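First up is the structure itself, then whatever we jot down about it.
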Amino acid sequence: MWCFLKMMLFILTFRINTGAFGRNIFMNPESKMNISQIISHWGYPNEKYDVVTEDGYILGLYRIPYGKANSDKSDQRLVVYLQHGLFTTASCWISNLPNNSLGFILADTGYDVWMGNSRGTTWSRKHVRLDTNSEEFWAFSFDEMAKYDLPALINFIVNHTKQEEIFYVGHSQGTTIALITFSTMPKIAERIKVFFALAPVFSIKHIQIPVVKIAYKLKTLILSRLDMYMVQNIGGTSVQNMIHWSQLLNSTQLKAFDWGSPAQNILHYNQKTPPIYNVSEMSVPTATWSGGKDLLADSEDVKNSLSEIKYHIYHKTISYYNHLDFLFGLDVFKQIYLEIINIIENNI
């Protein structure tokens with residue numbers, strides 16, 4: 001089902017980019033740019049780093065150190081880290097116009113903004129020894145993103161900026177891997193001042209994915225910035241990751257990848273079944289936003305999951321929001337981003 005949805009989005013993107021709707025359609029210039037080029041295109045400073053994980057994956061990490069109106073390089077700024085979700089990349093935080101893109105908004109507000117890319121996505125498709133086309137390269141799921149990627153990225157940022165604590169914003173799968181990392185690695189959790197979870201996905205028992213309805217709703221974006229959203233944000237992932245998500249269907253628990261047999265699970269986990277991630281072990285203050293029309297982060301799943309968060313400081317449900325509105329909604333600044341900034345300011 002996911003692969004079919006992705007294929008449909010690719011076809012729709014192709015038709016738009018090639019003018020297959022019967023007329024030439026304006027192309028946003030950023031749709032053909034990489035992340036650094038997009039940031040520069042809007043007049044912001046940017047830096048790019050390659051971060052190597054413990055198991056050898058090379059992750060693209062991008063930085064907007066300051067905004068247009070606060071370019072004093074001597075200032076030490078609070079750090080905000082942004083983590084994308086499934087099928088997207090760090091581009092999702094800068095795909096809107098600057099006044100509606102969280103990456104640019106935070107930089108203009110005075111923060112030091114960092115944006116990571118999970119393994120296997122467009123900007124993190126290298127390894128110190130594995131060939132990208134090899135089966136070994138793609139043998140990962142969100143387990144490895146939580147165990148290796150996030151710790152490597154956070155430790156790099158902390159060491160580079162000398163900031164002992166940072167703020168973390170995650171969308172979709174970016175909330176999932178954060179929950180796993182923060183509940184299993186206390187030393188990493190200690191680095192997080194506040195965890196902001198947008199469209200949190202912790203369990204997917206009630207998930208709804210009617211492909212036709214999603215495709216139909218996407219047509220309203222054609223006259224907007226669909227070329228930018230689709231080209232920049234279909235970032236890729238592994239088959240194993242999608243299998244892992246499918247294993248969680250009809251489950252209210254967040255579990256590690258099931259290797260298919262008791263023997264294989266014993267080999268990987270020293271037990272016959274995949275371990276369950278105990279979200280209640282997480283000690284990070286957490287603020288959450290969910291959407292009433294979100295087919296991926298269903299309201300019932302969100303409700304069940306939030307009950308497991310021990311230090312839940314804020315929640316808001318936006319009745320008309322779907323899964324992508326947290327990134328691309330026209331009123332996302334008013335509904336979410338302004339609230340994130342206010343919470344940061346109250347937790348300095």
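Residues are referred to by chain and number: the chain letter is A, B, ... according to the order shown in the structure tokens, the number counts from 1 in that chain, and ligands are numbered separately from 1 in the order shown.
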message = List as number ranges by chain the protein and nucleic acid residues near Asp112 (chain A), meaning an atom at most 10 Å away when only C-alpha atoms are counted, but skip any in the same chain fewer than 3 places from it.
response = A: 63-67, 76-81, 103, 106-109, 161, 166
Can those selected residues be exported to a file as a short mmCIF file (atom, residue, chain, number, x, y, z; two decimals), in the first residue's frame so that it contains all heavy atoms?
data_model
loop_
_atom_site.label_atom_id
_atom_site.label_comp_id
_atom_site.auth_asym_id
_atom_site.auth_seq_id
_atom_site.Cartn_x
_atom_site.Cartn_y
_atom_site.Cartn_z
N ARG A 63 22.69 23.00 8.49
CA ARG A 63 22.58 24.02 9.54
C ARG A 63 22.25 25.39 8.95
O ARG A 63 22.82 25.79 7.94
CB ARG A 63 23.90 24.11 10.32
CG ARG A 63 23.90 25.10 11.47
CD ARG A 63 25.30 25.26 12.03
NE ARG A 63 25.33 25.97 13.31
CZ ARG A 63 26.44 26.37 13.92
NH1 ARG A 63 27.62 26.13 13.36
NH2 ARG A 63 26.38 27.01 15.08
N ILE A 64 21.31 26.08 9.60
CA ILE A 64 21.07 27.50 9.35
C ILE A 64 21.48 28.20 10.65
O ILE A 64 20.69 28.25 11.60
CB ILE A 64 19.61 27.80 9.01
CG1 ILE A 64 19.10 26.88 7.90
CG2 ILE A 64 19.43 29.27 8.60
CD1 ILE A 64 17.62 27.04 7.58
N PRO A 65 22.69 28.70 10.74
CA PRO A 65 23.21 29.20 12.03
C PRO A 65 22.54 30.46 12.55
O PRO A 65 22.54 30.70 13.76
CB PRO A 65 24.70 29.44 11.73
CG PRO A 65 24.77 29.66 10.26
CD PRO A 65 23.70 28.79 9.67
N TYR A 66 21.98 31.25 11.66
CA TYR A 66 21.28 32.47 12.08
C TYR A 66 20.39 32.95 10.94
O TYR A 66 20.48 32.47 9.81
CB TYR A 66 22.27 33.57 12.50
CG TYR A 66 23.38 33.82 11.50
CD1 TYR A 66 23.20 34.69 10.42
CD2 TYR A 66 24.61 33.19 11.63
CE1 TYR A 66 24.21 34.92 9.51
CE2 TYR A 66 25.64 33.41 10.72
CZ TYR A 66 25.43 34.27 9.66
OH TYR A 66 26.43 34.49 8.75
N GLY A 67 19.52 33.90 11.26
CA GLY A 67 18.57 34.39 10.27
C GLY A 67 19.07 35.64 9.56
O GLY A 67 20.21 36.06 9.71
N GLN A 76 25.98 33.31 20.96
CA GLN A 76 25.72 31.88 21.11
C GLN A 76 24.21 31.70 21.18
O GLN A 76 23.55 32.23 22.05
CB GLN A 76 26.38 31.33 22.37
CG GLN A 76 26.28 29.80 22.46
CD GLN A 76 27.00 29.24 23.66
OE1 GLN A 76 26.82 29.73 24.77
NE2 GLN A 76 27.80 28.19 23.45
N ARG A 77 23.68 30.95 20.24
CA ARG A 77 22.24 30.82 20.10
C ARG A 77 21.75 29.48 20.60
O ARG A 77 22.47 28.48 20.56
CB ARG A 77 21.85 30.99 18.63
CG ARG A 77 22.37 32.28 18.02
CD ARG A 77 22.14 32.32 16.52
NE ARG A 77 22.83 33.47 15.93
CZ ARG A 77 22.37 34.71 15.97
NH1 ARG A 77 21.19 34.94 16.52
NH2 ARG A 77 23.06 35.71 15.46
N LEU A 78 20.50 29.46 21.06
CA LEU A 78 19.89 28.19 21.43
C LEU A 78 19.75 27.32 20.20
O LEU A 78 19.42 27.79 19.11
CB LEU A 78 18.51 28.44 22.05
CG LEU A 78 18.49 29.17 23.39
CD1 LEU A 78 17.05 29.47 23.79
CD2 LEU A 78 19.19 28.36 24.47
N VAL A 79 19.99 26.03 20.37
CA VAL A 79 19.97 25.09 19.26
C VAL A 79 18.61 24.40 19.17
O VAL A 79 18.09 23.90 20.17
CB VAL A 79 21.07 24.03 19.42
CG1 VAL A 79 20.95 22.95 18.34
CG2 VAL A 79 22.45 24.69 19.35
N VAL A 80 18.06 24.36 17.96
CA VAL A 80 16.83 23.61 17.69
C VAL A 80 17.14 22.60 16.58
O VAL A 80 17.61 22.98 15.51
CB VAL A 80 15.66 24.51 17.27
CG1 VAL A 80 14.39 23.67 17.09
CG2 VAL A 80 15.43 25.61 18.29
N TYR A 81 16.89 21.34 16.86
CA TYR A 81 17.12 20.28 15.88
C TYR A 81 15.79 19.82 15.30
O TYR A 81 14.83 19.58 16.03
CB TYR A 81 17.83 19.09 16.53
CG TYR A 81 17.97 17.91 15.59
CD1 TYR A 81 18.92 17.91 14.58
CD2 TYR A 81 17.12 16.81 15.70
CE1 TYR A 81 19.03 16.84 13.70
CE2 TYR A 81 17.23 15.73 14.83
CZ TYR A 81 18.19 15.75 13.83
OH TYR A 81 18.30 14.70 12.96
N GLY A 103 12.13 25.88 9.53
CA GLY A 103 13.57 26.09 9.56
C GLY A 103 13.95 27.56 9.46
O GLY A 103 14.78 28.07 10.23
N LEU A 106 12.53 29.70 12.62
CA LEU A 106 13.34 29.57 13.84
C LEU A 106 14.65 30.35 13.71
O LEU A 106 15.10 30.98 14.67
CB LEU A 106 13.63 28.10 14.12
CG LEU A 106 12.42 27.25 14.56
CD1 LEU A 106 12.80 25.79 14.61
CD2 LEU A 106 11.90 27.72 15.92
N ALA A 107 15.26 30.30 12.52
CA ALA A 107 16.51 31.04 12.30
C ALA A 107 16.27 32.54 12.45
O ALA A 107 17.06 33.26 13.09
CB ALA A 107 17.08 30.72 10.93
N ASP A 108 15.17 33.04 11.88
CA ASP A 108 14.85 34.46 11.97
C ASP A 108 14.47 34.87 13.39
O ASP A 108 14.60 36.05 13.76
CB ASP A 108 13.71 34.81 11.01
CG ASP A 108 14.18 34.93 9.56
OD1 ASP A 108 15.36 35.27 9.35
OD2 ASP A 108 13.38 34.66 8.65
N THR A 109 13.99 33.92 14.18
CA THR A 109 13.63 34.22 15.57
C THR A 109 14.88 34.29 16.45
O THR A 109 14.81 34.82 17.56
CB THR A 109 12.66 33.14 16.11
OG1 THR A 109 11.53 33.05 15.23
CG2 THR A 109 12.16 33.48 17.50
N THR A 161 28.54 22.75 18.85
CA THR A 161 28.02 24.03 19.35
C THR A 161 28.39 24.29 20.81
O THR A 161 28.24 25.42 21.28
CB THR A 161 26.49 24.08 19.24
OG1 THR A 161 25.91 23.04 20.06
CG2 THR A 161 26.05 23.87 17.79
N ILE A 166 19.61 20.87 23.84
CA ILE A 166 19.02 21.37 22.61
C ILE A 166 17.53 21.08 22.62
O ILE A 166 17.04 20.25 23.39
CB ILE A 166 19.68 20.74 21.36
CG1 ILE A 166 19.33 19.24 21.27
CG2 ILE A 166 21.19 20.93 21.38
CD1 ILE A 166 19.83 18.57 20.00
#
query = If you count only C-alpha atoms, which residues fall within 12 Å of Asn304 (chain A), apart from same-chain ones fewer than 6 positions away, as a ChimeraX atom specification?
reply = /A:200-206,251-254,279,297-298
task = Would you work out the distance separating CA of Glu47 (chain A) from CA of Tyr62 (chain A), expressed in Å to one decimal?
result = 5.8 Å
ask   = In region 17-240 of chain A, what's strand (DSSP E) per DSSP? Answer as a PyMOL selection string?
value = chain A and resi 47-52+57-64+79-83+112-116+126-127+166-171+192-198
query = Excluding same-chain residues fewer than 2 positions from Ser183 (chain A), what lies within 7 Å of it counting only C-alpha atoms, as a list of chain:residue names?
reply = A:Leu179, A:Ile180, A:Thr181, A:Met185, A:Pro186, A:Asn278, A:Val279, A:Glu281, A:Met282
ask   = Of the residues A:Arg191, A:His244, A:His127, A:His41, which is the one nearest to Asp143 (chain A), using only C-alpha atoms?
value =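 Closest to Asp143 (chain A) of all the choices is A:His244.
Running DSSP on the backbone and keeping only helix (DSSP H, G or I), the residues of region 118-169 of chain A that qualify are Phe142, Asp143, Glu144, Met145, Ala146, Lys147, Tyr148, Asp149, Leu150, Pro151, Ala152, Leu153, Ile154, Asn155, Phe156, Ile157, Val158, Asn159, His160 and Thr161 of chain A.
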inquiry  = Calculated over only C-alpha atoms, which of the candidates A:Lys334, A:His312, A:Lys303, A:Lys48 has the smallest distance to Ile157 (chain A)?
reply    =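 Of the candidates, the smallest distance to Ile157 (chain A) is held by A:Lys48.
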task = Using CA of Leu102 (chain A) and CA of Trp245 (chain A) as the two end points, give the distance in Å to one decimal.
result =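 Distance reported for this atom pair: 27.1 Å.
If you look at CA of Tyr277 (chain A) and CA of Pro262 (chain A), they are 18.4 Å away from each other.
If you measure from each of A:Leu249, A:Ile340, A:Ile266, A:Leu97 to Ile38 (chain A) using only C-alpha atoms, the closest one turns out to be A:Leu97.
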inquiry  = Show me, as a list in words, the residues that have an atom within 12 Å of region 134-139 of chain A when counting only C-alpha atoms, minus same-chain residues fewer than 5 positions from it.
reply    =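 Once the nearby chain positions are removed, what remains is Asp55, Gly56, Tyr57, Ile58, Arg119, Gly120, Thr121, Ser124, Arg125, Lys126, His127, Val128, Arg129, Glu144, Met145, Gly236, Thr237, Ser238, Val239, Gln240, Asn241, Met242, Ile243, His244, Phe257 and Trp259 of chain A.
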request  = For His315 (chain A), list every protein, DNA or RNA residue within 8 Å, evaluated using only C-alpha atoms, and leave out those in the same chain fewer than 6 positions away; present the list as a list in words.
outcome  =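 The neighbour list is Ala287, Thr288, Trp289 and Ser290 of chain A.
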Within 12 Å of region 87-91 of chain A: each region 252-348 of chain A residue with its shortest pair, only C-alpha atoms, as JSON lines:
{"residue": "A:Leu324", "atom": "CA", "partner": "A:Thr88", "partner_atom": "CA", "distance": 10.5}
{"residue": "A:Leu327", "atom": "CA", "partner": "A:Ser91", "partner_atom": "CA", "distance": 10.4}
{"residue": "A:Phe328", "atom": "CA", "partner": "A:Ser91", "partner_atom": "CA", "distance": 11.6}
Okay, now the selection with N, CA and C atoms, as a PDB file, in the first residue's frame?
ATOM      1  N   LEU A 324       0.182  16.014   6.528  1.00  0.00           N
ATOM      2  CA  LEU A 324       1.141  16.934   5.916  1.00  0.00           C
ATOM      3  C   LEU A 324       0.917  18.388   6.295  1.00  0.00           C
ATOM      4  N   LEU A 327       3.490  20.379   8.205  1.00  0.00           N
ATOM      5  CA  LEU A 327       4.637  20.901   7.472  1.00  0.00           C
ATOM      6  C   LEU A 327       4.240  21.980   6.476  1.00  0.00           C
ATOM      7  N   PHE A 328       3.131  21.765   5.782  1.00  0.00           N
ATOM      8  CA  PHE A 328       2.795  22.592   4.631  1.00  0.00           C
ATOM      9  C   PHE A 328       1.478  23.363   4.769  1.00  0.00           C
TER      10      PHE A 328
END
